[in-house]
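Here is input.cif, consisting of mmCIF, C-alpha atoms:
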```
data_protein
#
loop_
_atom_site.label_atom_id
_atom_site.label_comp_id
_atom_site.auth_asym_id
_atom_site.auth_seq_id
_atom_site.Cartn_x
_atom_site.Cartn_y
_atom_site.Cartn_z
CA MET A 1 -44.19 131.93 46.85
CA GLY A 2 -46.72 130.57 44.34
CA ALA A 3 -45.07 127.19 44.43
CA ASP A 4 -45.20 127.20 48.25
CA VAL A 5 -48.92 127.90 48.28
CA ASP A 6 -49.46 125.14 45.72
CA ALA A 7 -47.61 122.68 47.98
CA LEU A 8 -49.63 123.79 51.01
CA GLN A 9 -52.90 123.55 49.08
CA GLU A 10 -51.90 120.06 47.92
CA ARG A 11 -51.17 118.98 51.50
CA PHE A 12 -54.55 120.40 52.62
CA ASP A 13 -56.36 118.64 49.77
CA GLN A 14 -54.66 115.35 50.69
CA LEU A 15 -55.82 115.61 54.30
CA ILE A 16 -59.40 116.38 53.21
CA GLU A 17 -59.30 113.57 50.64
CA ALA A 18 -58.11 111.09 53.30
CA ASP A 19 -60.96 112.28 55.60
CA ASP A 20 -58.27 113.35 58.09
CA ARG A 21 -58.63 116.38 60.37
CA ILE A 22 -57.35 119.92 59.86
CA GLU A 23 -55.89 121.40 63.06
CA PRO A 24 -55.60 125.07 64.12
CA ARG A 25 -51.99 125.72 63.12
CA ASP A 26 -52.25 123.95 59.74
CA TRP A 27 -52.30 126.01 56.55
CA MET A 28 -55.84 126.22 55.17
CA PRO A 29 -57.49 128.14 52.30
CA ALA A 30 -58.70 131.58 53.42
CA GLU A 31 -62.24 130.74 52.33
CA TYR A 32 -62.25 127.50 54.39
CA ARG A 33 -61.21 129.50 57.47
CA LYS A 34 -63.80 132.20 56.81
CA THR A 35 -66.60 129.67 56.25
CA LEU A 36 -65.75 127.86 59.48
CA VAL A 37 -65.54 131.03 61.58
CA ARG A 38 -68.94 132.09 60.25
CA GLN A 39 -70.59 128.70 60.77
CA ILE A 40 -69.10 127.99 64.21
CA ALA A 41 -69.78 131.53 65.45
CA GLN A 42 -73.40 131.47 64.24
CA HIS A 43 -73.78 128.10 65.90
CA ALA A 44 -72.36 129.56 69.15
CA HIS A 45 -74.66 132.60 68.93
CA SER A 46 -77.64 130.23 68.53
CA GLU A 47 -76.73 128.35 71.70
CA VAL A 48 -76.38 131.59 73.63
CA ILE A 49 -79.61 133.17 72.36
CA GLY A 50 -81.27 129.76 72.82
CA MET A 51 -81.10 130.23 76.59
CA GLN A 52 -83.76 132.95 76.44
CA PRO A 53 -86.94 131.14 75.34
CA GLU A 54 -86.43 128.44 77.98
CA GLY A 55 -85.07 130.81 80.60
CA ASN A 56 -88.50 132.42 80.39
CA TRP A 57 -89.94 129.40 82.27
CA LEU A 58 -87.21 128.87 84.90
CA THR A 59 -89.12 130.64 87.67
CA ARG A 60 -92.42 129.02 86.72
CA ALA A 61 -91.44 125.38 86.24
CA PRO A 62 -94.22 123.19 87.70
CA SER A 63 -92.03 121.42 90.28
CA LEU A 64 -88.65 121.76 91.96
CA ARG A 65 -87.38 118.76 89.97
CA ARG A 66 -88.51 120.29 86.65
CA LYS A 67 -86.88 123.55 87.68
CA ALA A 68 -83.56 121.85 88.47
CA ILE A 69 -83.66 120.00 85.13
CA LEU A 70 -84.45 123.15 83.17
CA THR A 71 -81.71 125.08 84.98
CA ALA A 72 -79.22 122.36 84.05
CA LYS A 73 -80.38 122.43 80.44
CA VAL A 74 -80.10 126.21 80.15
CA GLN A 75 -76.65 125.99 81.74
CA ASP A 76 -75.71 123.38 79.09
CA GLU A 77 -76.75 125.80 76.33
CA ALA A 78 -74.39 128.41 77.76
CA GLY A 79 -71.69 125.73 77.88
CA HIS A 80 -72.32 124.75 74.25
CA GLY A 81 -71.94 128.38 73.24
CA LEU A 82 -68.62 128.54 75.10
CA TYR A 83 -67.26 125.30 73.57
CA LEU A 84 -68.11 126.70 70.14
CA TYR A 85 -66.69 130.19 70.70
CA GLY A 86 -63.53 128.39 71.88
CA ALA A 87 -63.41 126.38 68.65
CA ALA A 88 -63.95 129.53 66.54
CA GLU A 89 -61.18 131.32 68.41
CA THR A 90 -58.68 128.63 67.35
CA LEU A 91 -59.14 130.04 63.82
CA GLY A 92 -57.72 133.37 64.94
CA THR A 93 -60.85 135.46 65.62
CA PRO A 94 -60.95 136.70 69.23
CA ARG A 95 -64.00 136.22 71.47
CA GLU A 96 -64.81 139.93 71.72
CA GLU A 97 -64.91 140.16 67.92
CA LEU A 98 -67.26 137.17 67.70
CA LEU A 99 -69.61 138.67 70.29
CA ASP A 100 -69.45 142.00 68.53
CA ARG A 101 -70.63 140.38 65.29
CA LEU A 102 -73.67 139.03 67.16
CA HIS A 103 -74.42 142.23 69.04
CA THR A 104 -74.23 144.42 65.95
CA GLY A 105 -76.39 142.01 63.92
CA ARG A 106 -73.59 141.30 61.42
CA GLN A 107 -73.99 137.59 62.17
CA LYS A 108 -77.22 135.69 62.68
CA TYR A 109 -78.37 133.02 65.09
CA SER A 110 -80.90 130.29 64.37
CA SER A 111 -84.31 131.80 63.59
CA ILE A 112 -86.01 129.17 65.75
CA PHE A 113 -85.20 131.25 68.84
CA ASN A 114 -87.26 134.17 67.57
CA TYR A 115 -90.50 132.48 68.61
CA PRO A 116 -92.06 133.01 72.07
CA THR A 117 -92.57 130.33 74.75
CA LEU A 118 -96.20 130.93 75.67
CA THR A 119 -96.86 127.92 77.91
CA TRP A 120 -94.95 125.28 79.87
CA ALA A 121 -95.65 122.84 77.00
CA ASP A 122 -93.39 124.99 74.82
CA VAL A 123 -90.46 123.93 77.00
CA GLY A 124 -91.36 120.32 76.20
CA ALA A 125 -91.80 121.04 72.49
CA ILE A 126 -88.44 122.83 72.31
CA GLY A 127 -86.61 119.89 73.89
CA TRP A 128 -88.40 117.31 71.77
CA LEU A 129 -88.50 119.12 68.41
CA VAL A 130 -85.89 121.89 68.43
CA ASP A 131 -83.21 119.88 70.21
CA GLY A 132 -84.25 116.83 68.20
CA ALA A 133 -83.70 118.73 64.96
CA ALA A 134 -80.44 120.16 66.32
CA ILE A 135 -79.18 116.63 67.08
CA MET A 136 -80.01 115.54 63.52
CA ASN A 137 -77.94 118.48 62.23
CA GLN A 138 -75.15 118.12 64.75
CA VAL A 139 -74.32 114.41 64.77
CA PRO A 140 -72.71 114.60 61.29
CA LEU A 141 -70.69 117.63 62.50
CA CYS A 142 -68.88 115.33 64.95
CA ARG A 143 -67.00 114.17 61.81
CA CYS A 144 -66.37 117.70 60.50
CA SER A 145 -62.94 118.11 58.87
CA TYR A 146 -61.93 120.86 61.32
CA GLY A 147 -60.66 119.15 64.50
CA PRO A 148 -61.65 121.65 67.22
CA TYR A 149 -65.20 122.00 65.80
CA ALA A 150 -65.62 118.21 65.59
CA ARG A 151 -64.38 117.79 69.19
CA ALA A 152 -66.74 120.49 70.47
CA MET A 153 -69.61 118.79 68.64
CA ILE A 154 -68.88 115.45 70.28
CA ARG A 155 -69.26 117.01 73.73
CA ILE A 156 -72.39 118.87 72.63
CA CYS A 157 -74.11 115.84 71.12
CA LYS A 158 -73.59 113.84 74.32
CA GLU A 159 -75.41 116.55 76.24
CA GLU A 160 -78.18 117.20 73.69
CA SER A 161 -79.51 113.72 74.13
CA PHE A 162 -80.58 114.58 77.68
CA HIS A 163 -82.24 117.73 76.35
CA GLN A 164 -84.39 115.90 73.84
CA ARG A 165 -85.45 113.21 76.29
CA GLN A 166 -86.45 115.69 79.00
CA GLY A 167 -88.54 117.56 76.40
CA PHE A 168 -90.27 114.43 75.19
CA GLN A 169 -91.01 113.43 78.75
CA ILE A 170 -92.69 116.80 79.42
CA MET A 171 -94.83 116.26 76.30
CA LEU A 172 -95.65 112.70 77.37
CA THR A 173 -96.71 113.82 80.85
CA LEU A 174 -98.99 116.50 79.37
CA ALA A 175 -100.37 114.16 76.69
CA GLU A 176 -101.31 111.63 79.37
CA GLY A 177 -102.79 114.35 81.61
CA THR A 178 -106.14 116.14 81.65
CA PRO A 179 -107.81 117.16 78.37
CA ASP A 180 -106.60 120.73 79.01
CA GLN A 181 -103.02 119.55 79.47
CA LYS A 182 -103.20 117.46 76.31
CA ALA A 183 -104.61 120.45 74.41
CA MET A 184 -101.70 122.53 75.71
CA ALA A 185 -99.24 119.94 74.31
CA GLN A 186 -101.05 119.93 70.95
CA ASP A 187 -100.99 123.72 70.81
CA ALA A 188 -97.22 123.73 71.40
CA LEU A 189 -96.72 121.12 68.66
CA ASP A 190 -98.91 123.21 66.31
CA ARG A 191 -96.72 126.26 66.84
CA TRP A 192 -93.27 124.58 66.88
CA TRP A 193 -93.60 121.98 64.10
CA TRP A 194 -93.08 124.15 61.03
CA PRO A 195 -90.32 126.34 62.51
CA SER A 196 -88.56 123.11 63.61
CA ILE A 197 -88.49 121.55 60.16
CA MET A 198 -87.31 124.89 58.74
CA MET A 199 -84.27 124.63 61.04
CA PHE A 200 -82.56 122.43 58.43
CA GLY A 201 -82.41 125.43 56.13
CA PRO A 202 -83.71 126.08 52.62
CA PRO A 203 -84.03 123.25 50.06
CA ASP A 204 -80.67 122.08 48.65
CA THR A 205 -81.62 123.54 45.28
CA GLU A 206 -81.52 127.02 46.89
CA SER A 207 -78.67 126.50 49.35
CA VAL A 208 -75.74 128.82 48.60
CA HIS A 209 -72.71 127.21 50.25
CA GLY A 210 -73.78 123.56 50.16
CA ASP A 211 -71.53 122.06 47.49
CA GLN A 212 -68.22 123.59 48.58
CA ASN A 213 -68.92 122.73 52.23
CA MET A 214 -69.59 119.12 51.23
CA ARG A 215 -66.26 118.95 49.37
CA TRP A 216 -64.45 120.41 52.40
CA GLY A 217 -66.01 117.90 54.79
CA ILE A 218 -67.69 120.67 56.78
CA LYS A 219 -71.13 119.44 55.79
CA ARG A 220 -71.90 115.75 55.35
CA PHE A 221 -75.57 115.63 54.35
CA GLY A 222 -77.88 117.95 52.43
CA ASN A 223 -80.57 120.04 54.17
CA ASP A 224 -83.44 118.07 52.60
CA GLU A 225 -82.01 114.70 53.57
CA LEU A 226 -81.56 115.74 57.22
CA ARG A 227 -85.06 117.25 57.28
CA GLN A 228 -86.47 114.00 55.91
CA LYS A 229 -84.62 111.95 58.54
CA PHE A 230 -86.01 114.19 61.27
CA ILE A 231 -89.58 113.89 59.99
CA ASP A 232 -89.30 110.11 59.64
CA ALA A 233 -88.05 109.85 63.22
CA THR A 234 -90.51 112.33 64.74
CA VAL A 235 -93.91 111.49 63.21
CA PRO A 236 -94.10 108.09 64.96
CA GLN A 237 -93.18 109.83 68.23
CA ALA A 238 -96.12 112.22 67.77
CA ASP A 239 -98.35 109.18 67.14
CA LEU A 240 -97.10 107.67 70.39
CA LEU A 241 -98.01 110.88 72.22
CA GLY A 242 -101.46 110.80 70.59
CA LEU A 243 -100.80 114.24 69.10
CA THR A 244 -101.37 115.38 65.51
CA ILE A 245 -98.65 116.86 63.29
CA PRO A 246 -100.14 120.12 61.98
CA ASP A 247 -99.63 119.21 58.31
CA PRO A 248 -102.84 118.02 56.60
CA ASP A 249 -100.85 116.95 53.51
CA LEU A 250 -98.46 114.70 55.46
CA TYR A 251 -98.65 111.03 54.45
CA TYR A 252 -96.56 107.87 54.61
CA ASP A 253 -95.31 106.66 51.25
CA GLN A 254 -95.36 102.84 51.39
CA GLU A 255 -93.02 102.53 48.43
CA THR A 256 -90.17 104.71 49.71
CA GLU A 257 -91.05 103.98 53.35
CA ARG A 258 -90.73 107.68 54.12
CA TYR A 259 -93.11 110.47 55.11
CA VAL A 260 -93.98 113.07 52.50
CA HIS A 261 -94.62 116.53 53.99
CA GLY A 262 -96.74 119.42 52.75
CA THR A 263 -95.43 122.70 51.34
CA ILE A 264 -93.09 124.66 53.62
CA ASP A 265 -93.72 128.41 53.77
CA TRP A 266 -90.20 129.64 52.96
CA GLY A 267 -91.47 133.18 52.60
CA HIS A 268 -92.23 133.12 56.34
CA PHE A 269 -88.79 131.62 57.07
CA TRP A 270 -86.92 134.39 55.23
CA ASP A 271 -89.11 137.00 56.86
CA VAL A 272 -88.03 135.79 60.33
CA VAL A 273 -84.37 135.57 59.20
CA LYS A 274 -84.59 139.19 58.07
CA GLY A 275 -85.65 140.26 61.56
CA ASN A 276 -89.44 140.22 61.40
CA GLY A 277 -90.10 137.27 63.70
CA PRO A 278 -92.16 137.73 66.86
CA CYS A 279 -89.14 138.02 69.21
CA ASN A 280 -86.10 139.14 67.13
CA SER A 281 -85.71 142.57 68.71
CA GLU A 282 -86.47 141.30 72.23
CA ARG A 283 -83.81 138.56 71.96
CA MET A 284 -81.16 140.99 70.76
CA ALA A 285 -82.03 143.63 73.35
CA THR A 286 -81.79 141.05 76.15
CA ARG A 287 -78.44 139.74 74.88
CA VAL A 288 -76.83 143.14 74.36
CA GLY A 289 -78.25 144.31 77.69
CA ALA A 290 -76.76 141.32 79.51
CA HIS A 291 -73.36 141.91 77.92
CA GLU A 292 -73.30 145.63 78.62
CA GLY A 293 -74.73 145.15 82.10
CA GLY A 294 -71.90 142.74 82.88
CA THR A 295 -69.12 145.06 81.73
CA TRP A 296 -68.43 146.45 85.20
CA VAL A 297 -68.18 142.90 86.63
CA ARG A 298 -65.60 141.89 84.01
CA GLU A 299 -63.67 145.12 84.54
CA ALA A 300 -63.72 144.71 88.32
CA ALA A 301 -62.44 141.13 88.05
CA THR A 302 -59.61 142.31 85.79
CA ALA A 303 -58.71 145.11 88.24
CA TYR A 304 -58.72 142.62 91.13
CA ALA A 305 -56.49 140.19 89.20
CA GLU A 306 -54.05 143.01 88.40
CA LYS A 307 -53.93 144.12 92.03
CA GLN A 308 -53.33 140.58 93.27
CA ALA A 309 -50.54 140.08 90.71
CA GLN A 310 -48.93 143.36 91.74
CA ARG A 311 -49.07 142.44 95.44
CA ALA A 312 -47.52 139.06 94.75
CA GLU A 313 -44.74 140.79 92.81
CA GLU A 314 -44.10 143.25 95.65
CA ALA A 315 -44.04 140.47 98.24
CA ALA A 316 -41.48 138.57 96.16
CA ALA A 317 -39.23 141.65 95.72
CA MET B 1 -61.51 146.96 70.68
CA SER B 2 -59.72 145.12 73.50
CA SER B 3 -60.53 146.48 76.95
CA LYS B 4 -60.36 145.60 80.64
CA ALA B 5 -63.64 143.81 80.16
CA ASP B 6 -61.96 141.29 77.81
CA TRP B 7 -60.30 138.45 79.70
CA PRO B 8 -57.30 136.43 78.44
CA LEU B 9 -57.60 132.87 77.12
CA TRP B 10 -56.62 129.80 79.17
CA GLU B 11 -56.13 126.20 78.06
CA VAL B 12 -57.90 123.63 80.25
CA PHE B 13 -56.65 120.10 81.01
CA VAL B 14 -58.83 117.55 82.82
CA ARG B 15 -57.80 114.37 84.63
CA ALA B 16 -60.79 112.10 84.10
CA LYS B 17 -59.95 109.77 87.01
CA ARG B 18 -57.05 108.73 89.19
CA GLY B 19 -54.41 106.82 87.26
CA VAL B 20 -54.67 108.73 83.97
CA SER B 21 -53.00 111.92 82.73
CA HIS B 22 -54.60 115.33 82.37
CA VAL B 23 -55.94 115.70 78.82
CA HIS B 24 -56.67 118.91 76.94
CA ALA B 25 -60.41 119.67 77.03
CA GLY B 26 -60.73 123.20 75.60
CA THR B 27 -60.42 126.83 76.62
CA VAL B 28 -61.97 129.40 78.92
CA HIS B 29 -61.59 133.14 79.36
CA ALA B 30 -60.75 134.43 82.84
CA PRO B 31 -59.00 137.40 84.45
CA ASP B 32 -56.74 135.19 86.62
CA ALA B 33 -55.83 131.56 87.34
CA GLU B 34 -58.29 131.22 90.19
CA LEU B 35 -61.29 132.23 88.10
CA ALA B 36 -59.95 130.22 85.15
CA LEU B 37 -60.18 127.13 87.39
CA GLN B 38 -63.71 128.06 88.50
CA ASN B 39 -64.83 128.60 84.91
CA ALA B 40 -63.17 125.37 83.79
CA ARG B 41 -64.97 123.52 86.56
CA ASP B 42 -68.34 124.93 85.44
CA LEU B 43 -67.67 124.31 81.75
CA PHE B 44 -65.92 120.95 81.61
CA THR B 45 -66.95 118.93 84.69
CA ARG B 46 -70.73 119.35 84.96
CA ARG B 47 -71.18 115.59 84.54
CA SER B 48 -68.38 114.19 86.70
CA GLU B 49 -65.89 114.28 83.81
CA GLY B 50 -62.93 115.02 86.05
CA VAL B 51 -61.18 114.74 89.41
CA SER B 52 -58.47 117.33 88.77
CA LEU B 53 -57.98 120.41 86.56
CA TRP B 54 -55.02 122.29 85.15
CA VAL B 55 -55.27 125.72 83.55
CA VAL B 56 -52.45 127.47 81.72
CA LYS B 57 -52.46 130.77 79.85
CA SER B 58 -52.71 130.04 76.12
CA ASN B 59 -49.93 132.56 75.44
CA ASP B 60 -47.56 130.56 77.66
CA ILE B 61 -47.75 127.46 75.45
CA THR B 62 -44.97 126.93 72.95
CA ALA B 63 -46.15 124.73 70.09
CA SER B 64 -44.26 123.05 67.27
CA ASP B 65 -44.75 124.55 63.83
CA PRO B 66 -46.72 122.31 61.42
CA ASP B 67 -44.19 123.35 58.73
CA ASP B 68 -41.49 121.62 60.79
CA SER B 69 -43.43 118.37 61.06
CA GLU B 70 -41.32 116.66 58.43
CA ALA B 71 -38.00 117.52 60.09
CA LEU B 72 -39.33 116.71 63.56
CA PHE B 73 -41.33 113.55 63.07
CA GLU B 74 -40.37 111.85 59.83
CA PRO B 75 -36.92 110.60 60.97
CA ALA B 76 -38.79 108.16 63.23
CA GLY B 77 -40.57 106.70 60.20
CA ASP B 78 -37.70 104.54 58.91
CA LYS B 79 -36.63 103.23 62.30
CA SER B 80 -39.10 100.41 62.67
CA PHE B 81 -36.38 98.49 64.59
CA ARG B 82 -37.42 100.58 67.60
CA HIS B 83 -40.58 98.46 67.76
CA PRO B 84 -40.47 94.88 69.11
CA THR B 85 -42.62 93.66 66.19
CA ASP B 86 -39.66 94.38 63.87
CA PHE B 87 -37.87 91.29 65.19
CA GLU B 88 -38.96 87.88 63.96
CA LEU B 89 -38.37 85.10 66.42
CA PRO B 90 -38.60 81.31 66.03
CA ASP B 91 -42.00 79.93 67.10
CA GLU B 92 -40.30 78.00 69.88
CA VAL B 93 -39.70 81.30 71.69
CA ALA B 94 -43.15 81.50 73.14
CA ASN B 95 -43.04 84.65 75.23
CA MET B 96 -40.52 87.45 74.80
#
```
Before we go any further, please render this structure as structure tokens.
Amino acid sequence: MGADVDALQERFDQLIEADDRIEPRDWMPAEYRKTLVRQIAQHAHSEVIGMQPEGNWLTRAPSLRRKAILTAKVQDEAGHGLYLYGAAETLGTPREELLDRLHTGRQKYSSIFNYPTLTWADVGAIGWLVDGAAIMNQVPLCRCSYGPYARAMIRICKEESFHQRQGFQIMLTLAEGTPDQKAMAQDALDRWWWPSIMMFGPPDTESVHGDQNMRWGIKRFGNDELRQKFIDATVPQADLLGLTIPDPDLYYDQETERYVHGTIDWGHFWDVVKGNGPCNSERMATRVGAHEGGTWVREAATAYAEKQAQRAEEAAA
Amino acid sequence: MSSKADWPLWEVFVRAKRGVSHVHAGTVHAPDAELALQNARDLFTRRSEGVSLWVVKSNDITASDPDDSEALFEPAGDKSFRHPTDFELPDEVANM
């Protein structure tokens, strides 16, 4: 038995070493499977919870076109959640178990969705900053060593690009509008900037799973490097909008040709992760309520399917 | 844990356009084939990715065992003569 596991481990290591993909029925170390289920599920939960802050503005979008766009975007988030739950299920954890882990708080979703969307400009800021940061995180995942996750990420990244552009365009329209509209855009940037750059997670020096995930090809870049790439890409976009990044210590280092940001308040970050953000309990209550409220629909559809199957069987007999 | 509110898993195959085969796209949950098709349509063809869909219950798929890969696929490895490039021809034979 020991020799068998050694051979399987060796085969797994060879595939990882060759930057090849691991597929669902392949042998894999228990810890690799567990790490992936956790990461993919938490990613799926984030997409699903992520529908709520934007859904808040669906009925109040400023035009029919904006409303159609936002509806499509929220629908995409649901789709991303479903692609990801599907990928997690290939690792042997059923959908109901994954949802249960979210609903009972055993697994987290991204803390960014625990902030409220106070104005229409927040919808723009979310697309521009939150989806922009998500893209920065997600593009490397298209090369993740686990095949189904990588394939789901390819579909997701294609769709995220629309999300970021629509958000930037909302910001641009507001920034070019009346002084009040521009102030609204600035206010949204002020509130979303810091939470957005926290989305990349704690500094690499404090990251728990970083090294092993790098070796397994689940993670390709460190948190700090991705955060830096996001800041370097985003600050010039804020300049273009004529808006100010709410970081008085931010400056451009001519030597490294990179932006240097001020101190991030990680105490605040961990506080929100632990459940003390402005919307944590509201988000969970809405999610659990939607799931429980839909139980009778799922049961009725199952009963209908059973009845139809029975009738077909009787007709054939 | 499992109840009537938990729907079975279906594999979804999408034909991107006429002239090409259906290709596996992912999975959906649905109580029956009809709703599996509806869900697949909503999930995998929101941007004109397909002109035809297949759904099949995941449990109905029989897959080869990765442990059998050697026995199944390696015998083809030393039969390069099955490929036309295995045969060297004189330059004078322009097209064959």
Return the neighbours of chain B among the residues of chain A, cut-off 8 Å, counting all atoms listed in the file, as a tab-separated table (two decimals) with C-alpha atoms, keeping the file's coordinate frame.
```tsv
chain	number	residue	atom	x	y	z
A	25	ARG	CA	-51.99	125.72	63.12
A	26	ASP	CA	-52.25	123.95	59.74
A	79	GLY	CA	-71.69	125.73	77.88
A	82	LEU	CA	-68.62	128.54	75.10
A	83	TYR	CA	-67.26	125.30	73.57
A	86	GLY	CA	-63.53	128.39	71.88
A	96	GLU	CA	-64.81	139.93	71.72
A	295	THR	CA	-69.12	145.06	81.73
A	296	TRP	CA	-68.43	146.45	85.20
A	297	VAL	CA	-68.18	142.90	86.63
A	298	ARG	CA	-65.60	141.89	84.01
A	299	GLU	CA	-63.67	145.12	84.54
A	301	ALA	CA	-62.44	141.13	88.05
A	302	THR	CA	-59.61	142.31	85.79
A	303	ALA	CA	-58.71	145.11	88.24
A	305	ALA	CA	-56.49	140.19	89.20
```
(request) Identify, on the basis of all atoms listed in the file, every residue whose closest approach to stretch 50-53 of chain B does not exceed 10 Å; exclude the query and any residue fewer than 2 positions from it along the same chain; express the result as a list in words. (result)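 In the requested form, the answer reads Val12, Phe13, Val14, Arg15, Ala16, Lys17, Arg18, Ser21, His22, Val23, His24, Ala25, Leu37, Gln38, Ala40, Arg41, Phe44, Thr45, Arg46, Arg47, Ser48 and Val55 of chain B.
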Generate a file of the selected residues that holds C-alpha atoms, formatted as a PDB file, keeping the file's coordinate frame.
```
ATOM      1  CA  VAL B  12     -57.900 123.630  80.250  1.00  0.00           C
ATOM      2  CA  PHE B  13     -56.650 120.100  81.010  1.00  0.00           C
ATOM      3  CA  VAL B  14     -58.830 117.550  82.820  1.00  0.00           C
ATOM      4  CA  ARG B  15     -57.800 114.370  84.630  1.00  0.00           C
ATOM      5  CA  ALA B  16     -60.790 112.100  84.100  1.00  0.00           C
ATOM      6  CA  LYS B  17     -59.950 109.770  87.010  1.00  0.00           C
ATOM      7  CA  ARG B  18     -57.050 108.730  89.190  1.00  0.00           C
ATOM      8  CA  SER B  21     -53.000 111.920  82.730  1.00  0.00           C
ATOM      9  CA  HIS B  22     -54.600 115.330  82.370  1.00  0.00           C
ATOM     10  CA  VAL B  23     -55.940 115.700  78.820  1.00  0.00           C
ATOM     11  CA  HIS B  24     -56.670 118.910  76.940  1.00  0.00           C
ATOM     12  CA  ALA B  25     -60.410 119.670  77.030  1.00  0.00           C
ATOM     13  CA  LEU B  37     -60.180 127.130  87.390  1.00  0.00           C
ATOM     14  CA  GLN B  38     -63.710 128.060  88.500  1.00  0.00           C
ATOM     15  CA  ALA B  40     -63.170 125.370  83.790  1.00  0.00           C
ATOM     16  CA  ARG B  41     -64.970 123.520  86.560  1.00  0.00           C
ATOM     17  CA  PHE B  44     -65.920 120.950  81.610  1.00  0.00           C
ATOM     18  CA  THR B  45     -66.950 118.930  84.690  1.00  0.00           C
ATOM     19  CA  ARG B  46     -70.730 119.350  84.960  1.00  0.00           C
ATOM     20  CA  ARG B  47     -71.180 115.590  84.540  1.00  0.00           C
ATOM     21  CA  SER B  48     -68.380 114.190  86.700  1.00  0.00           C
ATOM     22  CA  VAL B  55     -55.270 125.720  83.550  1.00  0.00           C
TER      23      VAL B  55
END
```
(request) Output the residue selection produced by the PyMOL selection byres ((chain A and resi 275-280) around 12) on the file above, formatted as JSON, numbers by chain. (result) {"A": [49, 50, 52, 53, 105, 107, 108, 109, 110, 111, 112, 113, 114, 115, 116, 117, 118, 195, 267, 268, 269, 270, 271, 272, 273, 274, 281, 282, 283, 284, 285, 286, 287]}
Those same residues, written as a PDB file, keeping the file's coordinate frame with C-alpha atoms?
```pdb
ATOM      1  CA  ILE A  49     -79.610 133.170  72.360  1.00  0.00           C
ATOM      2  CA  GLY A  50     -81.270 129.760  72.820  1.00  0.00           C
ATOM      3  CA  GLN A  52     -83.760 132.950  76.440  1.00  0.00           C
ATOM      4  CA  PRO A  53     -86.940 131.140  75.340  1.00  0.00           C
ATOM      5  CA  GLY A 105     -76.390 142.010  63.920  1.00  0.00           C
ATOM      6  CA  GLN A 107     -73.990 137.590  62.170  1.00  0.00           C
ATOM      7  CA  LYS A 108     -77.220 135.690  62.680  1.00  0.00           C
ATOM      8  CA  TYR A 109     -78.370 133.020  65.090  1.00  0.00           C
ATOM      9  CA  SER A 110     -80.900 130.290  64.370  1.00  0.00           C
ATOM     10  CA  SER A 111     -84.310 131.800  63.590  1.00  0.00           C
ATOM     11  CA  ILE A 112     -86.010 129.170  65.750  1.00  0.00           C
ATOM     12  CA  PHE A 113     -85.200 131.250  68.840  1.00  0.00           C
ATOM     13  CA  ASN A 114     -87.260 134.170  67.570  1.00  0.00           C
ATOM     14  CA  TYR A 115     -90.500 132.480  68.610  1.00  0.00           C
ATOM     15  CA  PRO A 116     -92.060 133.010  72.070  1.00  0.00           C
ATOM     16  CA  THR A 117     -92.570 130.330  74.750  1.00  0.00           C
ATOM     17  CA  LEU A 118     -96.200 130.930  75.670  1.00  0.00           C
ATOM     18  CA  PRO A 195     -90.320 126.340  62.510  1.00  0.00           C
ATOM     19  CA  GLY A 267     -91.470 133.180  52.600  1.00  0.00           C
ATOM     20  CA  HIS A 268     -92.230 133.120  56.340  1.00  0.00           C
ATOM     21  CA  PHE A 269     -88.790 131.620  57.070  1.00  0.00           C
ATOM     22  CA  TRP A 270     -86.920 134.390  55.230  1.00  0.00           C
ATOM     23  CA  ASP A 271     -89.110 137.000  56.860  1.00  0.00           C
ATOM     24  CA  VAL A 272     -88.030 135.790  60.330  1.00  0.00           C
ATOM     25  CA  VAL A 273     -84.370 135.570  59.200  1.00  0.00           C
ATOM     26  CA  LYS A 274     -84.590 139.190  58.070  1.00  0.00           C
ATOM     27  CA  SER A 281     -85.710 142.570  68.710  1.00  0.00           C
ATOM     28  CA  GLU A 282     -86.470 141.300  72.230  1.00  0.00           C
ATOM     29  CA  ARG A 283     -83.810 138.560  71.960  1.00  0.00           C
ATOM     30  CA  MET A 284     -81.160 140.990  70.760  1.00  0.00           C
ATOM     31  CA  ALA A 285     -82.030 143.630  73.350  1.00  0.00           C
ATOM     32  CA  THR A 286     -81.790 141.050  76.150  1.00  0.00           C
ATOM     33  CA  ARG A 287     -78.440 139.740  74.880  1.00  0.00           C
TER      34      ARG A 287
END
```
(message) Under the rule that all atoms listed in the file are counted, which of A:Ala316, A:Ala61, A:Ile231, A:Ala44 is the nearest residue to A:Glu77?
(response) A:Ala44
(request) Using atom CA of A:Pro29 and atom CA of A:Trp216 as the two end points, give the distance in Å to one decimal. (result)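 Going from atom CA of A:Pro29 over to atom CA of A:Trp216 covers 10.4 Å.
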(message) Please compute the atom CA of A:Ala133-atom CA of A:Ile197 distance, one decimal, in Å.
(response)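 Rounded to one decimal, the two atoms are 7.3 Å apart.
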